[in-house]
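S.K.: What follows is work38.txt, made up of compact mmCIF, C-alpha atoms and all ligand atoms:
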# COMPACT_ATOMS: atom_id res chain seq x y z
CA MET A 3 -40.67 -4.09 -49.70
CA LYS A 4 -39.26 -2.60 -46.51
CA PHE A 5 -35.52 -1.94 -46.41
CA PHE A 6 -33.64 -2.83 -43.25
CA VAL A 7 -29.96 -1.98 -43.06
CA ASP A 8 -27.73 -4.83 -41.93
CA THR A 9 -25.06 -3.09 -39.85
CA ALA A 10 -24.23 -1.68 -36.44
CA GLU A 11 -22.25 1.24 -37.92
CA ILE A 12 -23.99 4.43 -36.76
CA GLU A 13 -22.72 6.72 -39.54
CA ALA A 14 -23.79 4.34 -42.29
CA ILE A 15 -27.27 3.99 -40.78
CA ALA A 16 -27.57 7.78 -40.39
CA GLU A 17 -26.64 8.44 -44.03
CA LEU A 18 -29.31 6.06 -45.38
CA ASN A 19 -31.86 7.08 -42.76
CA ASP A 20 -31.59 10.74 -43.83
CA LEU A 21 -32.60 9.62 -47.34
CA GLY A 22 -35.64 7.72 -46.07
CA MET A 23 -34.09 4.39 -47.06
CA VAL A 24 -34.21 2.78 -43.62
CA ASP A 25 -37.36 1.03 -42.40
CA GLY A 26 -35.43 -0.85 -39.74
CA VAL A 27 -32.02 -2.24 -38.76
CA THR A 28 -30.65 -5.74 -38.23
CA THR A 29 -27.58 -6.59 -36.19
CA ASN A 30 -25.98 -9.86 -35.17
CA PRO A 31 -23.10 -10.72 -32.83
CA SER A 32 -20.58 -10.52 -35.70
CA LEU A 33 -21.78 -7.03 -36.71
CA ILE A 34 -21.68 -5.86 -33.06
CA ALA A 35 -18.14 -7.25 -32.70
CA LYS A 36 -17.13 -5.45 -35.92
CA SER A 37 -18.47 -2.15 -34.54
CA GLY A 38 -16.21 -2.51 -31.50
CA ARG A 39 -19.03 -1.07 -29.34
CA ASP A 40 -20.91 -2.37 -26.30
CA ILE A 41 -24.07 -4.16 -27.52
CA LEU A 42 -26.47 -2.37 -25.17
CA GLU A 43 -24.96 1.05 -25.86
CA VAL A 44 -24.81 0.83 -29.65
CA THR A 45 -28.25 -0.78 -29.90
CA LYS A 46 -29.76 2.03 -27.79
CA GLU A 47 -28.18 4.62 -30.10
CA ILE A 48 -29.56 2.87 -33.21
CA CYS A 49 -33.05 2.58 -31.68
CA ALA A 50 -33.11 6.31 -30.97
CA MET A 51 -32.15 7.10 -34.56
CA VAL A 52 -34.50 4.76 -36.44
CA ASP A 53 -38.30 4.55 -36.13
CA GLY A 54 -38.70 0.93 -37.33
CA PRO A 55 -37.71 -2.39 -35.76
CA VAL A 56 -34.09 -2.85 -34.65
CA SER A 57 -33.07 -6.49 -34.34
CA ALA A 58 -30.72 -7.30 -31.46
CA GLU A 59 -29.59 -10.91 -31.13
CA VAL A 60 -29.42 -12.99 -27.95
CA VAL A 61 -26.15 -14.81 -27.27
CA ALA A 62 -27.43 -17.60 -25.00
CA LEU A 63 -28.18 -21.06 -26.41
CA GLU A 64 -30.72 -22.34 -23.88
CA ALA A 65 -34.35 -21.16 -23.96
CA ASP A 66 -34.66 -19.72 -20.44
CA ALA A 67 -31.42 -17.78 -20.82
CA MET A 68 -32.49 -16.54 -24.28
CA ILE A 69 -35.78 -15.35 -22.78
CA ALA A 70 -33.96 -13.48 -20.00
CA GLU A 71 -31.59 -11.87 -22.50
CA GLY A 72 -34.50 -11.06 -24.82
CA ARG A 73 -36.37 -9.30 -22.02
CA LYS A 74 -33.26 -7.26 -21.20
CA LEU A 75 -32.72 -6.32 -24.86
CA ALA A 76 -36.40 -5.37 -25.20
CA GLU A 77 -36.00 -2.92 -22.30
CA ILE A 78 -33.64 -0.84 -24.47
CA ALA A 79 -36.48 0.63 -26.54
CA ASP A 80 -39.98 -0.10 -27.82
CA ASN A 81 -38.68 -0.77 -31.34
CA ILE A 82 -36.41 -3.70 -30.39
CA ALA A 83 -37.04 -6.98 -32.19
CA VAL A 84 -35.38 -9.74 -30.19
CA LYS A 85 -33.42 -11.99 -32.52
CA VAL A 86 -33.21 -15.68 -31.65
CA PRO A 87 -31.59 -18.52 -33.61
CA LEU A 88 -33.72 -21.14 -35.34
CA THR A 89 -33.08 -23.95 -32.88
CA TRP A 90 -35.64 -25.80 -30.78
CA ASP A 91 -34.66 -23.59 -27.81
CA GLY A 92 -34.89 -20.53 -30.04
CA LEU A 93 -38.44 -21.49 -31.01
CA LYS A 94 -39.38 -21.89 -27.34
CA ALA A 95 -37.93 -18.45 -26.62
CA CYS A 96 -39.79 -17.04 -29.63
CA LYS A 97 -43.13 -18.36 -28.37
CA THR A 98 -42.64 -16.97 -24.86
CA LEU A 99 -41.38 -13.57 -26.01
CA THR A 100 -44.09 -13.09 -28.65
CA ASP A 101 -46.75 -14.14 -26.11
CA GLU A 102 -45.42 -11.29 -23.97
CA GLY A 103 -46.10 -8.93 -26.88
CA ARG A 104 -42.49 -8.48 -27.98
CA MET A 105 -41.29 -8.49 -31.60
CA VAL A 106 -39.17 -11.54 -32.39
CA ASN A 107 -36.93 -12.13 -35.40
CA VAL A 108 -36.03 -15.81 -35.86
CA THR A 109 -32.68 -15.93 -37.59
CA LEU A 110 -30.38 -18.46 -39.28
CA CYS A 111 -33.23 -19.98 -41.30
CA PHE A 112 -32.09 -22.27 -44.11
CA SER A 113 -35.19 -24.33 -44.93
CA ALA A 114 -38.91 -23.97 -45.57
CA ASN A 115 -39.66 -26.33 -42.68
CA GLN A 116 -37.73 -24.10 -40.29
CA ALA A 117 -39.73 -21.12 -41.54
CA LEU A 118 -42.97 -23.03 -41.00
CA LEU A 119 -42.00 -23.77 -37.38
CA ALA A 120 -41.07 -20.13 -36.75
CA ALA A 121 -44.48 -18.99 -38.03
CA LYS A 122 -46.22 -21.54 -35.80
CA ALA A 123 -44.20 -20.18 -32.84
CA GLY A 124 -45.57 -16.69 -33.63
CA ALA A 125 -42.42 -15.08 -35.00
CA THR A 126 -42.78 -11.47 -36.13
CA PHE A 127 -40.00 -11.97 -38.68
CA ILE A 128 -38.31 -15.01 -40.22
CA SER A 129 -34.80 -14.43 -41.56
CA PRO A 130 -33.85 -16.83 -44.37
CA PHE A 131 -30.17 -16.41 -45.32
CA ILE A 132 -29.82 -16.14 -49.10
CA GLY A 133 -26.08 -15.53 -49.50
CA ARG A 134 -24.97 -18.35 -47.24
CA LEU A 135 -27.13 -20.80 -49.23
CA ASP A 136 -25.70 -19.45 -52.49
CA ASP A 137 -22.22 -20.02 -51.03
CA LEU A 138 -23.09 -23.75 -50.88
CA ASN A 139 -24.03 -23.69 -54.55
CA THR A 140 -27.74 -23.84 -53.76
CA ASP A 141 -30.34 -21.19 -54.63
CA GLY A 142 -31.05 -18.91 -51.69
CA LEU A 143 -33.75 -17.03 -53.62
CA GLU A 144 -35.65 -20.28 -54.16
CA LEU A 145 -36.02 -20.53 -50.38
CA ILE A 146 -37.56 -17.03 -50.24
CA ALA A 147 -40.07 -18.08 -52.94
CA ASP A 148 -40.90 -21.35 -51.12
CA ILE A 149 -41.54 -19.57 -47.82
CA ARG A 150 -43.67 -16.91 -49.58
CA GLU A 151 -45.81 -19.68 -51.10
CA ILE A 152 -46.21 -21.55 -47.81
CA TYR A 153 -47.02 -18.46 -45.74
CA ASP A 154 -49.56 -17.30 -48.36
CA ASN A 155 -51.17 -20.77 -48.50
CA TYR A 156 -52.09 -20.51 -44.82
CA GLY A 157 -52.21 -16.76 -44.16
CA PHE A 158 -49.30 -16.72 -41.72
CA GLU A 159 -48.57 -13.15 -40.62
CA THR A 160 -44.87 -13.73 -39.96
CA GLN A 161 -42.94 -11.32 -42.18
CA ILE A 162 -40.30 -12.72 -44.51
CA LEU A 163 -37.10 -10.80 -43.82
CA ALA A 164 -34.67 -11.79 -46.57
CA ALA A 165 -31.18 -11.75 -45.04
CA SER A 166 -27.58 -12.49 -45.99
CA ILE A 167 -28.06 -10.35 -49.08
CA ARG A 168 -24.88 -9.92 -51.09
CA SER A 169 -25.91 -8.04 -54.26
CA ALA A 170 -28.28 -5.48 -55.73
CA ASN A 171 -29.71 -8.31 -57.82
CA HIS A 172 -30.76 -10.13 -54.62
CA MET A 173 -32.74 -7.00 -53.67
CA SER A 174 -34.77 -6.80 -56.89
CA GLU A 175 -35.32 -10.57 -56.95
CA CYS A 176 -36.62 -10.48 -53.36
CA ALA A 177 -38.96 -7.63 -54.29
CA LYS A 178 -40.25 -9.66 -57.27
CA ILE A 179 -40.87 -12.72 -55.10
CA GLY A 180 -42.67 -10.60 -52.51
CA ALA A 181 -40.39 -10.68 -49.47
CA ASP A 182 -41.87 -8.35 -46.86
CA VAL A 183 -38.46 -6.99 -45.89
CA ALA A 184 -34.91 -7.23 -47.20
CA THR A 185 -31.95 -6.47 -44.97
CA ALA A 186 -28.75 -5.53 -46.73
CA PRO A 187 -25.37 -4.00 -45.95
CA PRO A 188 -25.20 -0.24 -46.74
CA ALA A 189 -22.92 -0.88 -49.74
CA VAL A 190 -25.52 -3.13 -51.37
CA ILE A 191 -28.30 -0.58 -50.88
CA LYS A 192 -26.09 2.11 -52.44
CA ALA A 193 -25.12 -0.21 -55.31
CA MET A 194 -28.80 -0.39 -56.29
CA ALA A 195 -28.38 3.14 -57.71
CA ASN A 196 -25.67 2.07 -60.14
CA HIS A 197 -26.08 1.34 -63.85
CA VAL A 198 -23.35 1.47 -66.46
CA LEU A 199 -25.73 3.15 -68.95
CA THR A 200 -26.54 5.86 -66.39
CA ASP A 201 -22.80 6.61 -66.09
CA LYS A 202 -22.33 6.52 -69.86
CA GLY A 203 -25.40 8.70 -70.51
CA LEU A 204 -24.33 11.24 -67.92
CA ALA A 205 -20.81 11.44 -69.38
CA GLY A 206 -22.37 12.23 -72.79
CA PHE A 207 -24.63 14.91 -71.35
CA MET A 208 -21.71 16.50 -69.47
CA ALA A 209 -19.61 16.61 -72.65
CA ASP A 210 -22.44 18.55 -74.36
CA VAL A 211 -22.83 20.85 -71.34
CA GLU A 212 -19.15 21.67 -71.64
CA LYS A 213 -19.30 22.12 -75.43
CA ALA A 214 -22.40 24.36 -75.38
CA GLY A 215 -21.47 26.20 -72.17
CA ILE A 216 -24.87 25.43 -70.62
CA LYS A 217 -25.36 27.11 -67.23
CA ILE A 218 -28.39 27.08 -64.93
CA LEU A 219 -27.16 28.98 -61.86
C1 LIG B 301 -29.14 -10.37 -40.70
O1 LIG B 301 -30.11 -10.44 -40.00
C2 LIG B 301 -28.16 -11.47 -40.83
O2 LIG B 301 -27.54 -11.73 -39.61
C3 LIG B 301 -27.16 -11.11 -41.91
O3 LIG B 301 -27.87 -10.68 -43.04
C4 LIG B 301 -26.20 -12.22 -42.23
O4 LIG B 301 -25.45 -11.85 -43.35
P1 LIG B 301 -24.11 -12.63 -43.81
O5 LIG B 301 -24.48 -14.00 -44.24
O6 LIG B 301 -23.58 -11.81 -44.95
O7 LIG B 301 -23.21 -12.63 -42.60
Output the file's structure as structure tokens, nothing else.
Ligand code: E4P
M.R.:
Amino acid sequence: MKFFVDTAEIEAIAELNDLGMVDGVTTNPSLIAKSGRDILEVTKEICAMVDGPVSAEVVALEADAMIAEGRKLAEIADNIAVKVPLTWDGLKACKTLTDEGRMVNVTLCFSANQALLAAKAGATFISPFIGRLDDLNTDGLELIADIREIYDNYGFETQILAASIRSANHMSECAKIGADVATAPPAVIKAMANHVLTDKGLAGFMADVEKAGIKIL
């Protein structure tokens, strides 16, 4: 499973990228606003730092305007994936932009039918939002499994990009289901390293190091 990092914070991306943990980046208007940076400027910086796809989201609501914005975003770098919302206009924009050879990430997906339409429109990535479904007391992971089954039934090449990930558990569950990509905030990716028994075991080893005066260097 590829790891995308879900942030527009340059330092956080750099830290994970140096460890080889970043296969791509996703941003959205809220993450850009949080960064306090100009969208074109910060996106360009991220694209230069990361080899994989960097999703940058359009802000228009009507297809022609989304297409114009998508073309402008795609000029930033070759690794831009234009992100469009899963509306009828977004699907039209997806079809046009993918026909032009651009990567498109269709976002705000909350149902298997929406994912099916995005695949038919040629989307490079579909972004089902797990956490926001969980917030409504439904099972976001079930949607990932449903889309995996449907795409596999028909050999759709659209990649399932599990989004709105809130926990390390979401990451391992997505990997078990077979999501192609999971995008998560830096804190969630780092939390994947944590286990209470690792901490406990290490504390025991360190106590014995101290007791026996073990030195290596
Ligand atoms: C990424 O592509 C999505 O925009 C993001 O994962 C949404 O996450 P949230 O539901 O935590 O805002």
S.K.: Using only C-alpha atoms and all ligand atoms, find each residue with an atom at most 6 Å away from ligand LIG 301 (chain B) and format the answer as a list in words.
M.R.: Asp8, Thr28, Thr29, Asn30, Gly133, Arg134, Ala165 and Ser166 of chain A
S.K.: Give me, as a short mmCIF file (atom, residue, chain, number, x, y, z; two decimals) with C-alpha atoms, in the coordinates of the input, all polymer residues having an atom no more than 10 Å from Ala164 (chain A), counting all atoms listed in the file and skipping those fewer than 4 positions away in the same chain.
M.R.:
data_model
loop_
_atom_site.label_atom_id
_atom_site.label_comp_id
_atom_site.auth_asym_id
_atom_site.auth_seq_id
_atom_site.Cartn_x
_atom_site.Cartn_y
_atom_site.Cartn_z
CA PHE A 5 -35.52 -1.94 -46.41
CA PHE A 6 -33.64 -2.83 -43.25
CA CYS A 111 -33.23 -19.98 -41.30
CA PHE A 127 -40.00 -11.97 -38.68
CA ILE A 128 -38.31 -15.01 -40.22
CA SER A 129 -34.80 -14.43 -41.56
CA PRO A 130 -33.85 -16.83 -44.37
CA PHE A 131 -30.17 -16.41 -45.32
CA ILE A 132 -29.82 -16.14 -49.10
CA GLY A 133 -26.08 -15.53 -49.50
CA GLY A 142 -31.05 -18.91 -51.69
CA LEU A 143 -33.75 -17.03 -53.62
CA LEU A 145 -36.02 -20.53 -50.38
CA ILE A 146 -37.56 -17.03 -50.24
CA HIS A 172 -30.76 -10.13 -54.62
CA MET A 173 -32.74 -7.00 -53.67
CA CYS A 176 -36.62 -10.48 -53.36
CA ALA A 177 -38.96 -7.63 -54.29
CA ALA A 181 -40.39 -10.68 -49.47
CA ASP A 182 -41.87 -8.35 -46.86
CA VAL A 183 -38.46 -6.99 -45.89
CA ALA A 184 -34.91 -7.23 -47.20
CA THR A 185 -31.95 -6.47 -44.97
CA ALA A 186 -28.75 -5.53 -46.73
#
S.K.: Neighbours of region 118-122 of chain A within 9 Å (all atoms listed in the file; same-chain residues fewer than 4 positions away dropped), as a list of chain:residue names?
M.R.: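 Using all atoms listed in the file, the neighbours found are A:Leu88, A:Leu93, A:Cys96, A:Lys97, A:Val108, A:Ser113, A:Ala114, A:Thr126, A:Phe127, A:Ile128, A:Ile149, A:Ile152, A:Tyr153, A:Phe158, A:Glu159, A:Thr160, A:Gln161.
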S.K.: Excluding region 50-53 of chain A and residues on its chain fewer than 3 positions from it, collect all residues at most 7 Å away from it, counting only C-alpha atoms, and give them as a VMD selection string.
M.R.: chain A and resid 26 46 to 47
S.K.: Please, could you write that set of residues out with C-alpha atoms as a short mmCIF file (atom, residue, chain, number, x, y, z; two decimals), keeping the file's coordinate frame?
M.R.:
data_model
loop_
_atom_site.label_atom_id
_atom_site.label_comp_id
_atom_site.auth_asym_id
_atom_site.auth_seq_id
_atom_site.Cartn_x
_atom_site.Cartn_y
_atom_site.Cartn_z
CA GLY A 26 -35.43 -0.85 -39.74
CA LYS A 46 -29.76 2.03 -27.79
CA GLU A 47 -28.18 4.62 -30.10
#
S.K.: Rank A:Ala123, A:Leu33, A:Leu110, A:Leu63 by their smallest atom-to-atom distance to Glu11 (chain A), using only C-alpha atoms, and report the top residue only.
M.R.: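 Nearest candidate to Glu11 (chain A) out of A:Ala123, A:Leu33, A:Leu110, A:Leu63: A:Leu33.
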S.K.: Go ahead and find all residues with at least one atom no further than 8 Å from (-29.8, -7.6, -32.4) in the file's coordinates, using all atoms listed in the file; report them as a list in words.
M.R.: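 The answer, in the requested form, is Thr28, Thr29, Asn30, Pro31, Thr45, Val56, Ser57, Ala58, Glu59, Val60, Ile82, Ala83, Val84 and Lys85 of chain A.
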S.K.: So which one's closest to Val7 (chain A), A:Ala35, A:Ile162, A:Ile41, A:Ile48? Using all atoms listed in the file, please.
M.R.: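 Checking each of A:Ala35, A:Ile162, A:Ile41, A:Ile48 against Val7 (chain A), counting all atoms listed in the file, the winner is A:Ile48.
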S.K.: Have a look at A:Ile69, A:Ile191, A:Ala170, A:Val44 and name the one nearest to Glu17 (chain A); count all atoms listed in the file.
M.R.: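 Between A:Ile69, A:Ile191, A:Ala170, A:Val44, the residue approaching Glu17 (chain A) most closely is A:Ile191.
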S.K.: For Thr9 (chain A), which residue out of A:Ala117, A:Leu138, A:Met23, A:Ser32 is the nearest one, using only C-alpha atoms?
M.R.: A:Ser32
S.K.: Using all atoms of region 94-102 of chain A listed in the file and a margin of 4 Å per side, can you give the axis-aligned box centre and edge lengths in Å to one decimal, as AutoDock Vina command-line options?
M.R.:
--center_x -42.3 --center_y -16.6 --center_z -26.8 --size_x 16.8 --size_y 18.6 --size_z 13.7
S.K.: Looking at all atoms listed in the file, which of A:His197, A:Arg150, A:Gly157, A:Glu71 is the one that sits closest to Asn171 (chain A)?
M.R.: A:His197
S.K.: Between CA of Asn196 (chain A) and CA of Asp136 (chain A), what is the distance, to one decimal in Å?
M.R.: 22.8 Å
S.K.: Which is closest to Ala189 (chain A) among A:Asn155, A:Ser169, A:Ser174, A:Thr100, if we use only C-alpha atoms?
M.R.: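 Result for the nearest residue to Ala189 (chain A): A:Ser169.
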S.K.: CA of Gly103 (chain A) and CA of Ala125 (chain A) are how many Å apart?
M.R.: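 Separating CA of Gly103 (chain A) from CA of Ala125 (chain A) is a distance of 10.8 Å.
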S.K.: Enter the distance from CA of Cys49 (chain A) to CA of Lys94 (chain A), in Å, rounded to one decimal.
M.R.: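 If I compute the distance from CA of Cys49 (chain A) to CA of Lys94 (chain A), I get 25.6 Å.
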S.K.: How would region 175-186 of chain A read, as a PDB file, in the coordinates of the input, once all heavy atoms are built in?
M.R.:
ATOM      1  N   GLU A 175     -34.689  -9.239 -56.892  1.00  0.00           N
ATOM      2  CA  GLU A 175     -35.320 -10.570 -56.950  1.00  0.00           C
ATOM      3  C   GLU A 175     -36.225 -10.791 -55.731  1.00  0.00           C
ATOM      4  O   GLU A 175     -37.322 -11.344 -55.859  1.00  0.00           O
ATOM      5  CB  GLU A 175     -34.255 -11.675 -57.046  1.00  0.00           C
ATOM      6  CG  GLU A 175     -33.533 -11.724 -58.389  1.00  0.00           C
ATOM      7  CD  GLU A 175     -34.477 -11.920 -59.585  1.00  0.00           C
ATOM      8  OE1 GLU A 175     -35.391 -12.754 -59.508  1.00  0.00           O
ATOM      9  OE2 GLU A 175     -34.308 -11.208 -60.604  1.00  0.00           O
ATOM     10  N   CYS A 176     -35.776 -10.347 -54.567  1.00  0.00           N
ATOM     11  CA  CYS A 176     -36.620 -10.480 -53.360  1.00  0.00           C
ATOM     12  C   CYS A 176     -37.893  -9.663 -53.501  1.00  0.00           C
ATOM     13  O   CYS A 176     -38.968 -10.096 -53.085  1.00  0.00           O
ATOM     14  CB  CYS A 176     -35.849 -10.002 -52.118  1.00  0.00           C
ATOM     15  SG  CYS A 176     -34.651 -11.206 -51.560  1.00  0.00           S
ATOM     16  N   ALA A 177     -37.776  -8.481 -54.094  1.00  0.00           N
ATOM     17  CA  ALA A 177     -38.960  -7.630 -54.290  1.00  0.00           C
ATOM     18  C   ALA A 177     -39.933  -8.310 -55.257  1.00  0.00           C
ATOM     19  O   ALA A 177     -41.151  -8.262 -55.071  1.00  0.00           O
ATOM     20  CB  ALA A 177     -38.539  -6.252 -54.789  1.00  0.00           C
ATOM     21  N   LYS A 178     -39.385  -8.963 -56.300  1.00  0.00           N
ATOM     22  CA  LYS A 178     -40.250  -9.660 -57.270  1.00  0.00           C
ATOM     23  C   LYS A 178     -40.972 -10.834 -56.608  1.00  0.00           C
ATOM     24  O   LYS A 178     -42.153 -11.086 -56.865  1.00  0.00           O
ATOM     25  CB  LYS A 178     -39.423 -10.153 -58.466  1.00  0.00           C
ATOM     26  CG  LYS A 178     -39.167  -9.059 -59.497  1.00  0.00           C
ATOM     27  CD  LYS A 178     -37.967  -9.338 -60.373  1.00  0.00           C
ATOM     28  CE  LYS A 178     -38.122 -10.547 -61.271  1.00  0.00           C
ATOM     29  NZ  LYS A 178     -36.884 -10.763 -62.070  1.00  0.00           N
ATOM     30  N   ILE A 179     -40.265 -11.551 -55.760  1.00  0.00           N
ATOM     31  CA  ILE A 179     -40.870 -12.720 -55.100  1.00  0.00           C
ATOM     32  C   ILE A 179     -41.929 -12.278 -54.084  1.00  0.00           C
ATOM     33  O   ILE A 179     -42.907 -12.985 -53.853  1.00  0.00           O
ATOM     34  CB  ILE A 179     -39.760 -13.562 -54.394  1.00  0.00           C
ATOM     35  CG1 ILE A 179     -38.853 -14.214 -55.439  1.00  0.00           C
ATOM     36  CG2 ILE A 179     -40.358 -14.607 -53.462  1.00  0.00           C
ATOM     37  CD1 ILE A 179     -37.547 -14.771 -54.874  1.00  0.00           C
ATOM     38  N   GLY A 180     -41.696 -11.092 -53.491  1.00  0.00           N
ATOM     39  CA  GLY A 180     -42.670 -10.600 -52.510  1.00  0.00           C
ATOM     40  C   GLY A 180     -42.206 -10.755 -51.070  1.00  0.00           C
ATOM     41  O   GLY A 180     -43.044 -10.899 -50.171  1.00  0.00           O
ATOM     42  N   ALA A 181     -40.885 -10.721 -50.855  1.00  0.00           N
ATOM     43  CA  ALA A 181     -40.390 -10.680 -49.470  1.00  0.00           C
ATOM     44  C   ALA A 181     -40.966  -9.428 -48.816  1.00  0.00           C
ATOM     45  O   ALA A 181     -41.108  -8.395 -49.470  1.00  0.00           O
ATOM     46  CB  ALA A 181     -38.865 -10.638 -49.467  1.00  0.00           C
ATOM     47  N   ASP A 182     -41.310  -9.521 -47.544  1.00  0.00           N
ATOM     48  CA  ASP A 182     -41.870  -8.350 -46.860  1.00  0.00           C
ATOM     49  C   ASP A 182     -40.772  -7.323 -46.587  1.00  0.00           C
ATOM     50  O   ASP A 182     -41.008  -6.109 -46.633  1.00  0.00           O
ATOM     51  CB  ASP A 182     -42.507  -8.775 -45.530  1.00  0.00           C
ATOM     52  CG  ASP A 182     -43.637  -9.765 -45.759  1.00  0.00           C
ATOM     53  OD1 ASP A 182     -44.698  -9.326 -46.231  1.00  0.00           O
ATOM     54  OD2 ASP A 182     -43.454 -10.976 -45.501  1.00  0.00           O
ATOM     55  N   VAL A 183     -39.585  -7.836 -46.279  1.00  0.00           N
ATOM     56  CA  VAL A 183     -38.460  -6.990 -45.890  1.00  0.00           C
ATOM     57  C   VAL A 183     -37.194  -7.586 -46.506  1.00  0.00           C
ATOM     58  O   VAL A 183     -37.111  -8.806 -46.661  1.00  0.00           O
ATOM     59  CB  VAL A 183     -38.252  -7.006 -44.346  1.00  0.00           C
ATOM     60  CG1 VAL A 183     -37.221  -5.975 -43.922  1.00  0.00           C
ATOM     61  CG2 VAL A 183     -39.550  -6.841 -43.584  1.00  0.00           C
ATOM     62  N   ALA A 184     -36.236  -6.727 -46.848  1.00  0.00           N
ATOM     63  CA  ALA A 184     -34.910  -7.230 -47.200  1.00  0.00           C
ATOM     64  C   ALA A 184     -33.913  -6.452 -46.365  1.00  0.00           C
ATOM     65  O   ALA A 184     -34.000  -5.221 -46.275  1.00  0.00           O
ATOM     66  CB  ALA A 184     -34.635  -7.025 -48.682  1.00  0.00           C
ATOM     67  N   THR A 185     -32.997  -7.163 -45.723  1.00  0.00           N
ATOM     68  CA  THR A 185     -31.950  -6.470 -44.970  1.00  0.00           C
ATOM     69  C   THR A 185     -30.634  -6.624 -45.704  1.00  0.00           C
ATOM     70  O   THR A 185     -30.259  -7.732 -46.097  1.00  0.00           O
ATOM     71  CB  THR A 185     -31.854  -6.963 -43.510  1.00  0.00           C
ATOM     72  OG1 THR A 185     -30.967  -6.075 -42.804  1.00  0.00           O
ATOM     73  CG2 THR A 185     -31.360  -8.400 -43.368  1.00  0.00           C
ATOM     74  N   ALA A 186     -29.974  -5.499 -45.927  1.00  0.00           N
ATOM     75  CA  ALA A 186     -28.750  -5.530 -46.730  1.00  0.00           C
ATOM     76  C   ALA A 186     -27.707  -4.592 -46.146  1.00  0.00           C
ATOM     77  O   ALA A 186     -28.057  -3.579 -45.529  1.00  0.00           O
ATOM     78  CB  ALA A 186     -29.071  -5.111 -48.163  1.00  0.00           C
TER      79      ALA A 186
END
